[in-house]
$ cat target.tsv   # TSV, C-alpha atoms and all ligand atoms
chain	number	residue	atom	x	y	z
A	1453	THR	CA	47.57	12.32	5.71
A	1454	GLY	CA	46.13	10.43	2.79
A	1455	ARG	CA	43.97	7.40	2.40
A	1456	VAL	CA	44.85	4.28	4.41
A	1457	ARG	CA	45.74	1.44	2.05
A	1458	THR	CA	46.57	-2.19	2.62
A	1459	HIS	CA	50.31	-1.49	2.31
A	1460	HIS	CA	50.05	0.98	5.22
A	1461	LEU	CA	48.68	-1.84	7.40
A	1462	GLN	CA	51.58	-4.04	6.30
A	1463	GLN	CA	53.96	-1.17	7.08
A	1464	ALA	CA	52.44	-0.81	10.56
A	1465	LYS	CA	53.12	-4.47	11.28
A	1466	ASP	CA	56.63	-4.29	9.85
A	1467	GLN	CA	57.39	-1.28	12.05
A	1468	GLY	CA	55.76	-2.75	15.15
A	1469	ARG	CA	52.92	-0.20	15.28
A	1470	LYS	CA	49.38	-1.33	16.16
A	1471	PHE	CA	46.49	-0.24	13.96
A	1472	THR	CA	42.79	0.12	14.73
A	1473	MET	CA	39.53	-1.16	13.29
A	1474	LEU	CA	35.87	-0.68	14.24
A	1475	THR	CA	32.68	-1.83	12.64
A	1476	CYS	CA	30.65	0.92	10.97
A	1477	TYR	CA	27.31	0.85	9.17
A	1478	ASP	CA	26.32	4.44	8.39
A	1479	ALA	CA	27.51	7.92	7.48
A	1480	SER	CA	27.06	9.47	10.96
A	1481	THR	CA	29.39	7.07	12.73
A	1482	ALA	CA	31.75	6.88	9.75
A	1483	THR	CA	32.35	10.62	10.11
A	1484	VAL	CA	33.26	10.26	13.80
A	1485	PHE	CA	35.43	7.16	13.48
A	1486	ASP	CA	37.22	8.47	10.38
A	1487	THR	CA	37.88	11.83	12.01
A	1488	VAL	CA	39.52	10.30	15.08
A	1489	GLY	CA	41.76	8.19	12.84
A	1490	ILE	CA	40.39	4.68	13.10
A	1491	ASP	CA	42.40	3.01	10.34
A	1492	VAL	CA	39.90	0.44	9.05
A	1493	LEU	CA	36.09	0.64	9.05
A	1494	LEU	CA	34.43	-2.76	8.69
A	1495	VAL	CA	30.91	-2.95	7.35
A	1496	GLY	CA	30.47	-6.27	9.11
A	1497	ASP	CA	27.73	-8.80	8.59
A	1498	SER	CA	27.17	-8.08	12.30
A	1499	ALA	CA	24.83	-5.52	10.69
A	1500	ALA	CA	22.46	-8.49	10.71
A	1501	GLY	CA	21.95	-7.93	14.42
A	1502	VAL	CA	22.74	-4.29	15.12
A	1503	VAL	CA	21.08	-2.83	12.01
A	1504	TYR	CA	18.52	-5.38	10.85
A	1505	GLY	CA	17.46	-7.07	14.08
A	1506	TYR	CA	18.23	-10.66	13.10
A	1507	ARG	CA	19.32	-13.04	15.84
A	1508	ASN	CA	22.62	-13.93	14.17
A	1509	SER	CA	24.62	-13.00	11.09
A	1510	LEU	CA	23.30	-15.72	8.79
A	1511	PRO	CA	20.15	-14.05	7.38
A	1512	VAL	CA	21.71	-10.78	6.18
A	1513	THR	CA	21.93	-10.51	2.39
A	1514	VAL	CA	24.17	-8.83	-0.15
A	1515	GLU	CA	21.26	-6.51	-0.99
A	1516	GLU	CA	21.02	-5.48	2.68
A	1517	LEU	CA	24.75	-4.98	3.23
A	1518	LEU	CA	25.57	-3.11	-0.02
A	1519	PRO	CA	23.81	0.17	0.85
A	1520	LEU	CA	25.43	0.29	4.29
A	1521	ALA	CA	28.84	-0.34	2.74
A	1522	GLY	CA	28.17	2.39	0.20
A	1523	ALA	CA	27.28	4.89	2.93
A	1524	VAL	CA	30.49	4.21	4.87
A	1525	ALA	CA	32.69	4.22	1.76
A	1526	ARG	CA	31.21	7.52	0.54
A	1527	THR	CA	31.77	9.14	3.92
A	1528	ALA	CA	35.23	8.03	5.04
A	1529	ARG	CA	38.00	10.30	3.82
A	1530	ARG	CA	40.96	8.49	5.37
A	1531	ALA	CA	39.98	5.04	6.64
A	1532	LEU	CA	40.23	1.89	4.58
A	1533	VAL	CA	36.65	0.65	4.19
A	1534	MET	CA	36.13	-3.10	4.09
A	1535	ALA	CA	32.90	-5.08	3.76
A	1536	ASP	CA	31.99	-8.59	4.87
A	1537	LEU	CA	30.74	-11.01	2.24
A	1538	PRO	CA	27.47	-12.37	3.68
A	1539	PHE	CA	26.77	-16.03	4.41
A	1540	GLY	CA	25.96	-17.95	1.24
A	1541	SER	CA	27.36	-15.32	-1.12
A	1542	TYR	CA	30.84	-16.81	-1.62
A	1543	GLN	CA	31.14	-20.31	-0.18
A	1544	GLY	CA	29.63	-21.96	-3.29
A	1545	SER	CA	32.57	-21.42	-5.61
A	1546	PRO	CA	35.43	-19.05	-6.40
A	1547	GLU	CA	33.34	-17.59	-9.25
A	1548	GLN	CA	30.44	-16.91	-6.88
A	1549	ALA	CA	32.86	-15.23	-4.47
A	1550	TYR	CA	34.30	-13.14	-7.29
A	1551	ALA	CA	30.88	-12.03	-8.54
A	1552	THR	CA	29.80	-11.02	-5.02
A	1553	ALA	CA	33.03	-9.20	-4.23
A	1554	VAL	CA	32.84	-7.28	-7.50
A	1555	ARG	CA	29.42	-5.99	-6.48
A	1556	PHE	CA	30.88	-4.62	-3.24
A	1557	MET	CA	33.79	-3.02	-5.10
A	1558	LYS	CA	31.62	-1.48	-7.87
A	1559	GLU	CA	28.30	-0.72	-6.19
A	1560	ALA	CA	29.55	0.20	-2.71
A	1561	GLN	CA	33.11	1.15	-3.70
A	1562	VAL	CA	34.76	-0.45	-0.71
A	1563	ALA	CA	38.52	-1.01	-0.83
A	1564	ALA	CA	38.60	-4.60	0.44
A	1565	VAL	CA	36.35	-7.49	1.43
A	1566	LYS	CA	36.44	-10.00	4.28
A	1567	LEU	CA	35.30	-13.60	4.17
A	1568	GLU	CA	35.16	-16.35	6.78
A	1569	GLY	CA	37.14	-19.55	6.54
A	1570	GLY	CA	40.67	-20.94	6.42
A	1571	ALA	CA	42.26	-23.50	4.11
A	1572	GLN	CA	38.88	-24.39	2.60
A	1573	MET	CA	38.43	-20.82	1.35
A	1574	ALA	CA	41.89	-20.64	-0.28
A	1575	PRO	CA	40.44	-21.03	-3.82
A	1576	GLN	CA	38.03	-18.15	-3.17
A	1577	ILE	CA	40.81	-15.94	-1.81
A	1578	GLN	CA	43.06	-16.74	-4.77
A	1579	ARG	CA	40.29	-15.89	-7.23
A	1580	LEU	CA	39.55	-12.52	-5.64
A	1581	VAL	CA	43.22	-11.59	-5.36
A	1582	ALA	CA	43.74	-12.58	-9.02
A	1583	GLY	CA	40.92	-10.17	-9.84
A	1584	GLY	CA	42.53	-7.30	-7.97
A	1585	ILE	CA	40.35	-7.46	-4.87
A	1586	PRO	CA	42.14	-7.22	-1.50
A	1587	VAL	CA	40.89	-9.94	0.86
A	1588	CYS	CA	41.00	-10.18	4.64
A	1589	ALA	CA	40.47	-13.74	5.90
A	1590	HIS	CA	38.52	-14.33	9.13
A	1591	ILE	CA	39.48	-17.49	11.02
A	1592	GLY	CA	39.20	-18.95	14.52
A	1593	PHE	CA	35.57	-18.54	15.58
A	1594	THR	CA	33.61	-17.70	12.44
A	1595	PRO	CA	30.03	-16.61	13.24
A	1596	GLN	CA	28.67	-17.75	9.87
A	1597	HIS	CA	29.64	-21.30	10.92
A	1598	GLU	CA	27.90	-21.03	14.29
A	1599	HIS	CA	25.81	-24.15	13.70
A	1600	ALA	CA	28.72	-26.21	12.38
A	1601	LEU	CA	30.96	-25.09	15.26
A	1602	GLY	CA	28.35	-25.83	17.92
A	1603	GLY	CA	27.76	-22.28	19.14
A	1604	TYR	CA	29.88	-19.33	20.20
A	1605	ARG	CA	33.05	-20.88	21.57
A	1606	VAL	CA	36.79	-20.29	21.63
A	1607	GLN	CA	38.61	-22.04	18.76
A	1608	GLY	CA	42.13	-23.45	18.77
A	1609	ARG	CA	42.39	-24.67	22.33
A	1610	GLY	CA	44.77	-27.58	22.91
A	1611	ALA	CA	45.20	-29.86	19.92
A	1612	ASP	CA	42.87	-27.67	17.81
A	1613	ALA	CA	45.61	-25.02	17.74
A	1614	GLU	CA	47.27	-26.82	14.82
A	1615	GLN	CA	44.18	-26.38	12.63
A	1616	VAL	CA	43.91	-22.65	13.31
A	1617	LEU	CA	47.66	-22.24	12.68
A	1618	ALA	CA	47.36	-24.19	9.42
A	1619	ASP	CA	44.38	-22.04	8.38
A	1620	ALA	CA	46.35	-18.86	9.07
A	1621	HIS	CA	49.19	-20.01	6.83
A	1622	ALA	CA	46.79	-21.25	4.15
A	1623	VAL	CA	44.97	-17.94	3.82
A	1624	GLN	CA	48.23	-15.99	3.80
A	1625	ASP	CA	49.59	-18.30	1.09
A	1626	ALA	CA	46.35	-17.79	-0.88
A	1627	GLY	CA	47.03	-14.05	-0.90
A	1628	ALA	CA	45.05	-12.55	1.99
A	1629	PHE	CA	46.44	-9.12	2.95
A	1630	ALA	CA	45.40	-9.58	6.60
A	1631	VAL	CA	44.04	-12.29	8.87
A	1632	LEU	CA	41.35	-11.63	11.44
A	1633	LEU	CA	41.45	-13.92	14.48
A	1634	GLU	CA	38.23	-14.23	16.49
A	1635	MET	CA	38.05	-15.90	19.91
A	1636	VAL	CA	41.32	-17.80	19.92
A	1637	PRO	CA	43.65	-18.16	22.93
A	1638	ALA	CA	46.02	-15.21	23.29
A	1639	ASP	CA	49.17	-17.31	23.07
A	1640	LEU	CA	48.03	-18.91	19.82
A	1641	ALA	CA	47.09	-15.50	18.34
A	1642	ALA	CA	50.53	-14.18	19.31
A	1643	GLN	CA	52.23	-17.18	17.73
A	1644	ILE	CA	50.25	-16.76	14.49
A	1645	THR	CA	51.04	-13.03	14.47
A	1646	HIS	CA	54.73	-13.85	14.87
A	1647	GLU	CA	54.74	-16.53	12.16
A	1648	LEU	CA	52.75	-14.63	9.53
A	1649	ASN	CA	54.18	-11.90	7.35
A	1650	VAL	CA	50.79	-10.23	6.90
A	1651	PRO	CA	49.09	-8.33	9.74
A	1652	THR	CA	46.66	-9.99	12.14
A	1653	ILE	CA	43.56	-8.31	13.56
A	1654	GLY	CA	42.20	-9.66	16.83
A	1655	ILE	CA	38.80	-9.82	18.50
A	1656	GLY	CA	38.84	-11.88	21.64
A	1657	ALA	CA	42.37	-12.89	20.72
A	1658	GLY	CA	44.47	-11.08	23.32
A	1659	THR	CA	47.01	-8.30	23.00
A	1660	GLY	CA	49.51	-10.03	20.73
A	1661	THR	CA	47.83	-9.27	17.39
A	1662	ASP	CA	48.86	-6.40	15.10
A	1663	ALA	CA	45.44	-4.72	15.40
A	1664	GLN	CA	42.16	-4.90	17.31
A	1665	VAL	CA	38.54	-4.73	16.18
A	1666	LEU	CA	35.26	-4.44	18.06
A	1667	VAL	CA	31.63	-4.03	17.09
A	1668	TRP	CA	31.12	-0.35	17.89
A	1669	GLN	CA	27.77	-0.81	19.61
A	1670	ASP	CA	29.46	-3.27	21.99
A	1671	ALA	CA	32.42	-0.98	22.67
A	1672	PHE	CA	30.39	2.18	23.19
A	1673	GLY	CA	27.45	0.78	25.10
A	1674	LEU	CA	24.59	0.60	22.64
A	1675	THR	CA	24.10	-3.17	22.76
A	1676	SER	CA	21.24	-4.56	24.78
A	1677	GLY	CA	21.88	-7.75	26.71
A	1678	ARG	CA	25.04	-9.46	27.79
A	1679	LEU	CA	28.35	-8.37	26.26
A	1680	PRO	CA	30.94	-10.88	25.14
A	1681	HIS	CA	33.77	-11.38	27.66
A	1682	PHE	CA	36.34	-9.84	25.30
A	1683	VAL	CA	34.60	-6.45	24.99
A	1684	LYS	CA	35.77	-3.37	26.88
A	1685	GLN	CA	32.97	-0.82	27.19
A	1686	TYR	CA	34.23	2.74	26.57
A	1687	ALA	CA	30.94	4.59	26.87
A	1688	ASP	CA	27.33	4.07	27.88
A	1689	LEU	CA	25.51	5.47	24.87
A	1690	SER	CA	22.41	3.48	25.69
A	1691	THR	CA	21.90	5.51	28.89
A	1692	VAL	CA	22.68	8.78	27.11
A	1693	LEU	CA	20.16	8.03	24.34
A	1694	THR	CA	17.54	6.80	26.78
A	1695	GLN	CA	17.74	10.00	28.81
A	1696	ALA	CA	17.67	12.17	25.71
A	1697	ALA	CA	14.68	10.37	24.19
A	1698	ARG	CA	12.80	10.58	27.52
A	1699	ALA	CA	13.55	14.30	27.88
A	1700	TYR	CA	12.36	14.95	24.30
A	1701	ALA	CA	9.12	13.02	24.82
A	1702	ALA	CA	8.46	14.82	28.12
A	1703	ASP	CA	9.09	18.22	26.52
A	1704	VAL	CA	6.65	17.46	23.68
A	1705	HIS	CA	3.97	16.22	26.09
A	1706	THR	CA	4.31	19.31	28.31
A	1707	GLY	CA	4.65	21.79	25.43
A	1708	VAL	CA	8.16	22.87	26.51
A	1709	PHE	CA	9.44	21.95	23.06
A	1710	PRO	CA	9.38	23.72	20.69
A	1711	GLY	CA	10.14	26.91	22.58
A	1712	PRO	CA	10.04	30.43	21.15
A	1713	GLU	CA	13.67	30.10	20.02
A	1714	HIS	CA	12.71	27.10	17.84
A	1715	THR	CA	9.71	28.79	16.31
A	1716	PHE	CA	9.34	30.87	13.11
A	1801	LIG	O1	30.78	-8.71	11.36
A	1801	LIG	C1	31.59	-8.24	12.17
A	1801	LIG	O2	31.34	-7.25	12.87
A	1801	LIG	C2	32.91	-8.88	12.28
A	1801	LIG	C3	33.82	-8.41	13.36
A	1801	LIG	C4	33.26	-8.68	14.70
A	1801	LIG	C5	35.17	-8.97	13.22
A	1801	LIG	O3	33.20	-9.75	11.50
A	1802	NA	NA	31.51	-10.54	10.29
$ encode --input "target.tsv" --output "structure tokens"
Amino acid sequence: TGRVRTHHLQQAKDQGRKFTMLTCYDASTATVFDTVGIDVLLVGDSAAGVVYGYRNSLPVTVEELLPLAGAVARTARRALVMADLPFGSYQGSPEQAYATAVRFMKEAQVAAVKLEGGAQMAPQIQRLVAGGIPVCAHIGFTPQHEHALGGYRVQGRGADAEQVLADAHAVQDAGAFAVLLEMVPADLAAQITHELNVPTIGIGAGTGTDAQVLVWQDAFGLTSGRLPHFVKQYADLSTVLTQAARAYAADVHTGVFPGPEHTF
């Protein structure tokens, strides 16, 4: 099985097969996720929180995200590796978006980029696509717009559904190869998925999308604090790591580690 490419994701949708995406920020996890066949690895700007310790995604910079994207892209053999364009690195103009995306393609060697926004980002999407850069659009709740949207809240309820639907069509028409839907009602996400030709990827968007994505620390239990309602927790890595770190510290304090078998 060769490299996953954007046309394989389109093929999955056309054939009614779901595909999978997880966030990924380093070589160790890229090896695991790639080996089990996760189709798309997203070097998300969620790295702001899980890697860099910021309170939200806004502070993370291109300089901070590029090395993480490079690590994942160098490691994955099969998965399509995609990077988020950070807040402030593309909204200014299509040329700014192009210059930033080129850095991710050249310096990190990712295969696609993702940016947040609907109809208003159509010029940016068109510019990237014209330059040969595959773009995934992220609509619905867009964390980089947290302050404009008034906090973390579901988008597209009631009359607001029309706007999200219009955004979905606008980004497809601009050339996006996929549309990520975050925190929108399941029936709206299913309708968008049905109406669009390109695949949809959901997070907090129900079961009707063509793919799902989660932040891996959320899904596998390495996030401290309250989990979003849409996360299913598949493991409790936090407990595993806590016990391992405690056992190591205790062994060092008592002189149990290193033992004779670890000693030259
Ligand atoms: O940054 C990120 O991790 C994301 C996903 C949650 C979709 O954009
Ligand atoms: Na993101």
$ closest_atom_pairs --input "target.tsv" --of "chain A" --to "ligand LIG 1801 (chain A)" --cutoff "9 Å" --atoms "all atoms listed in the file" --output "Markdown table"
| residue | atom | partner | partner_atom | distance |
| --- | --- | --- | --- | --- |
| A:Met1473 | CA | A:LIG1801 | C5 | 8.9 |
| A:Leu1474 | CA | A:LIG1801 | C3 | 8.0 |
| A:Thr1475 | CA | A:LIG1801 | O2 | 5.6 |
| A:Cys1476 | CA | A:LIG1801 | O2 | 8.4 |
| A:Leu1494 | CA | A:LIG1801 | O2 | 6.9 |
| A:Val1495 | CA | A:LIG1801 | O2 | 7.0 |
| A:Gly1496 | CA | A:LIG1801 | O1 | 3.3 |
| A:Asp1497 | CA | A:LIG1801 | O1 | 4.1 |
| A:Ser1498 | CA | A:LIG1801 | O1 | 3.8 |
| A:Ala1499 | CA | A:LIG1801 | O1 | 6.8 |
| A:Ala1500 | CA | A:LIG1801 | O1 | 8.3 |
| A:Ser1509 | CA | A:LIG1801 | O1 | 7.5 |
| A:Ala1535 | CA | A:LIG1801 | O1 | 8.7 |
| A:Asp1536 | CA | A:LIG1801 | O1 | 6.6 |
| A:Lys1566 | CA | A:LIG1801 | O3 | 7.9 |
| A:Leu1567 | CA | A:LIG1801 | O3 | 8.5 |
| A:Glu1568 | CA | A:LIG1801 | O3 | 8.3 |
| A:His1590 | CA | A:LIG1801 | O3 | 7.4 |
| A:Thr1594 | CA | A:LIG1801 | O3 | 8.0 |
| A:Pro1595 | CA | A:LIG1801 | O3 | 7.8 |
| A:Leu1632 | CA | A:LIG1801 | C5 | 7.0 |
| A:Leu1633 | CA | A:LIG1801 | C5 | 8.1 |
| A:Glu1634 | CA | A:LIG1801 | C5 | 6.9 |
| A:Ile1653 | CA | A:LIG1801 | C5 | 8.4 |
| A:Gly1654 | CA | A:LIG1801 | C5 | 7.9 |
| A:Ile1655 | CA | A:LIG1801 | C5 | 6.5 |
| A:Val1665 | CA | A:LIG1801 | C5 | 6.2 |
| A:Leu1666 | CA | A:LIG1801 | C4 | 5.8 |
| A:Val1667 | CA | A:LIG1801 | O2 | 5.3 |
| A:Trp1668 | CA | A:LIG1801 | O2 | 8.5 |
$ residues_around --input "target.tsv" --residues "A:Gln1578" --least-positions-apart "5" --cutoff "9 Å" --atoms "only C-alpha atoms" --output "CSV table (one decimal) with C-alpha atoms, in the coordinates of the input"
chain,number,residue,atom,x,y,z
A,1546,PRO,CA,35.4,-19.0,-6.4
A,1573,MET,CA,38.4,-20.8,1.4
A,1583,GLY,CA,40.9,-10.2,-9.8
A,1623,VAL,CA,45.0,-17.9,3.8
A,1625,ASP,CA,49.6,-18.3,1.1
A,1626,ALA,CA,46.4,-17.8,-0.9
A,1627,GLY,CA,47.0,-14.0,-0.9
A,1628,ALA,CA,45.0,-12.6,2.0
$ atom_distance --input "target.tsv" --atom1 "atom CA of A:Gln1576" --atom2 "atom CA of A:Ala1549"
6.1 Å
$ closest_residue --input "target.tsv" --among "A:Ala1525, A:Ala1687, A:Val1502, A:Ile1644" --to "ligand NA 1802 (chain A)" --atoms "all atoms listed in the file"
A:Val1502
$ closest_residue --input "target.tsv" --among "A:Val1554, A:Val1512, A:Ala1521, A:Ala1699" --to "A:Leu1580" --atoms "all atoms listed in the file"
A:Val1554
$ atom_distance --input "target.tsv" --atom1 "atom CA of A:Gly1505" --atom2 "atom CA of A:Leu1520"
14.6 Å
$ closest_residue --input "target.tsv" --among "A:Ala1571, A:Thr1661, A:Met1635, A:Pro1651" --to "A:Leu1461" --atoms "all atoms listed in the file"
A:Pro1651
$ closest_residue --input "target.tsv" --among "A:Leu1648, A:Leu1493, A:Ala1697, A:Val1565" --to "A:Asp1466" --atoms "all atoms listed in the file"
A:Leu1648
$ atom_distance --input "target.tsv" --atom1 "atom CA of A:Val1562" --atom2 "atom CA of A:Leu1518"
9.6 Å
$ closest_residue --input "target.tsv" --among "A:Glu1598, A:Asp1491, A:Asp1619, A:Glu1559" --to "ligand NA 1802 (chain A)" --atoms "all atoms listed in the file"
A:Glu1598
$ closest_residue --input "target.tsv" --among "A:Thr1527, A:Met1534, A:Thr1487, A:Met1557" --to "ligand NA 1802 (chain A)" --atoms "all atoms listed in the file"
A:Met1534
$ residues_around --input "target.tsv" --residues "A:Ser1541" --least-positions-apart "3" --cutoff "9 Å" --atoms "all atoms listed in the file" --output "compact mmCIF listing (two decimals) with C-alpha atoms, keeping the file's coordinate frame"
# COMPACT_ATOMS: atom_id res chain seq x y z
CA THR A 1513 21.93 -10.51 2.39
CA VAL A 1514 24.17 -8.83 -0.15
CA LEU A 1537 30.74 -11.01 2.24
CA PRO A 1538 27.47 -12.37 3.68
CA GLY A 1544 29.63 -21.96 -3.29
CA GLN A 1548 30.44 -16.91 -6.88
CA ALA A 1549 32.86 -15.23 -4.47
CA ALA A 1551 30.88 -12.03 -8.54
CA THR A 1552 29.80 -11.02 -5.02
CA ALA A 1553 33.03 -9.20 -4.23
$ build_atoms --input "target.tsv" --residues "stretch 1565-1586 of chain A" --atoms "N, CA and C atoms" --output "CSV table (one decimal), in the coordinates of the input"
chain,number,residue,atom,x,y,z
A,1565,VAL,N,37.4,-6.7,0.9
A,1565,VAL,CA,36.4,-7.5,1.4
A,1565,VAL,C,36.9,-8.5,2.4
A,1566,LYS,N,36.1,-9.0,3.3
A,1566,LYS,CA,36.4,-10.0,4.3
A,1566,LYS,C,35.5,-11.2,4.1
A,1567,LEU,N,36.1,-12.4,4.2
A,1567,LEU,CA,35.3,-13.6,4.2
A,1567,LEU,C,35.8,-14.5,5.3
A,1568,GLU,N,34.9,-15.4,5.7
A,1568,GLU,CA,35.2,-16.4,6.8
A,1568,GLU,C,35.6,-17.7,6.2
A,1569,GLY,N,36.7,-18.2,6.9
A,1569,GLY,CA,37.1,-19.6,6.5
A,1569,GLY,C,38.6,-19.6,6.3
A,1570,GLY,N,39.2,-20.8,6.5
A,1570,GLY,CA,40.7,-20.9,6.4
A,1570,GLY,C,41.0,-21.6,5.1
A,1571,ALA,N,41.7,-22.8,5.3
A,1571,ALA,CA,42.3,-23.5,4.1
A,1571,ALA,C,41.2,-23.8,3.1
A,1572,GLN,N,40.0,-24.1,3.5
A,1572,GLN,CA,38.9,-24.4,2.6
A,1572,GLN,C,38.5,-23.2,1.7
A,1573,MET,N,38.8,-22.0,2.1
A,1573,MET,CA,38.4,-20.8,1.4
A,1573,MET,C,39.6,-20.3,0.5
A,1574,ALA,N,40.7,-21.1,0.5
A,1574,ALA,CA,41.9,-20.6,-0.3
A,1574,ALA,C,41.6,-20.4,-1.8
A,1575,PRO,N,40.8,-21.3,-2.4
A,1575,PRO,CA,40.4,-21.0,-3.8
A,1575,PRO,C,39.7,-19.7,-4.0
A,1576,GLN,N,38.8,-19.4,-3.1
A,1576,GLN,CA,38.0,-18.2,-3.2
A,1576,GLN,C,39.0,-17.0,-3.0
A,1577,ILE,N,39.9,-17.0,-2.0
A,1577,ILE,CA,40.8,-15.9,-1.8
A,1577,ILE,C,41.7,-15.7,-3.0
A,1578,GLN,N,42.2,-16.8,-3.6
A,1578,GLN,CA,43.1,-16.7,-4.8
A,1578,GLN,C,42.3,-16.1,-5.9
A,1579,ARG,N,41.1,-16.4,-6.1
A,1579,ARG,CA,40.3,-15.9,-7.2
A,1579,ARG,C,40.1,-14.4,-7.1
A,1580,LEU,N,39.8,-13.9,-5.9
A,1580,LEU,CA,39.6,-12.5,-5.6
A,1580,LEU,C,40.9,-11.7,-5.8
A,1581,VAL,N,41.9,-12.3,-5.3
A,1581,VAL,CA,43.2,-11.6,-5.4
A,1581,VAL,C,43.7,-11.5,-6.8
A,1582,ALA,N,43.4,-12.6,-7.6
A,1582,ALA,CA,43.7,-12.6,-9.0
A,1582,ALA,C,42.9,-11.5,-9.7
A,1583,GLY,N,41.8,-11.2,-9.2
A,1583,GLY,CA,40.9,-10.2,-9.8
A,1583,GLY,C,41.2,-8.8,-9.3
A,1584,GLY,N,42.2,-8.6,-8.5
A,1584,GLY,CA,42.5,-7.3,-8.0
A,1584,GLY,C,41.7,-6.9,-6.8
A,1585,ILE,N,41.2,-7.8,-6.0
A,1585,ILE,CA,40.4,-7.5,-4.9
A,1585,ILE,C,41.1,-7.9,-3.6
A,1586,PRO,N,41.5,-6.9,-2.8
A,1586,PRO,CA,42.1,-7.2,-1.5
A,1586,PRO,C,41.2,-8.0,-0.6
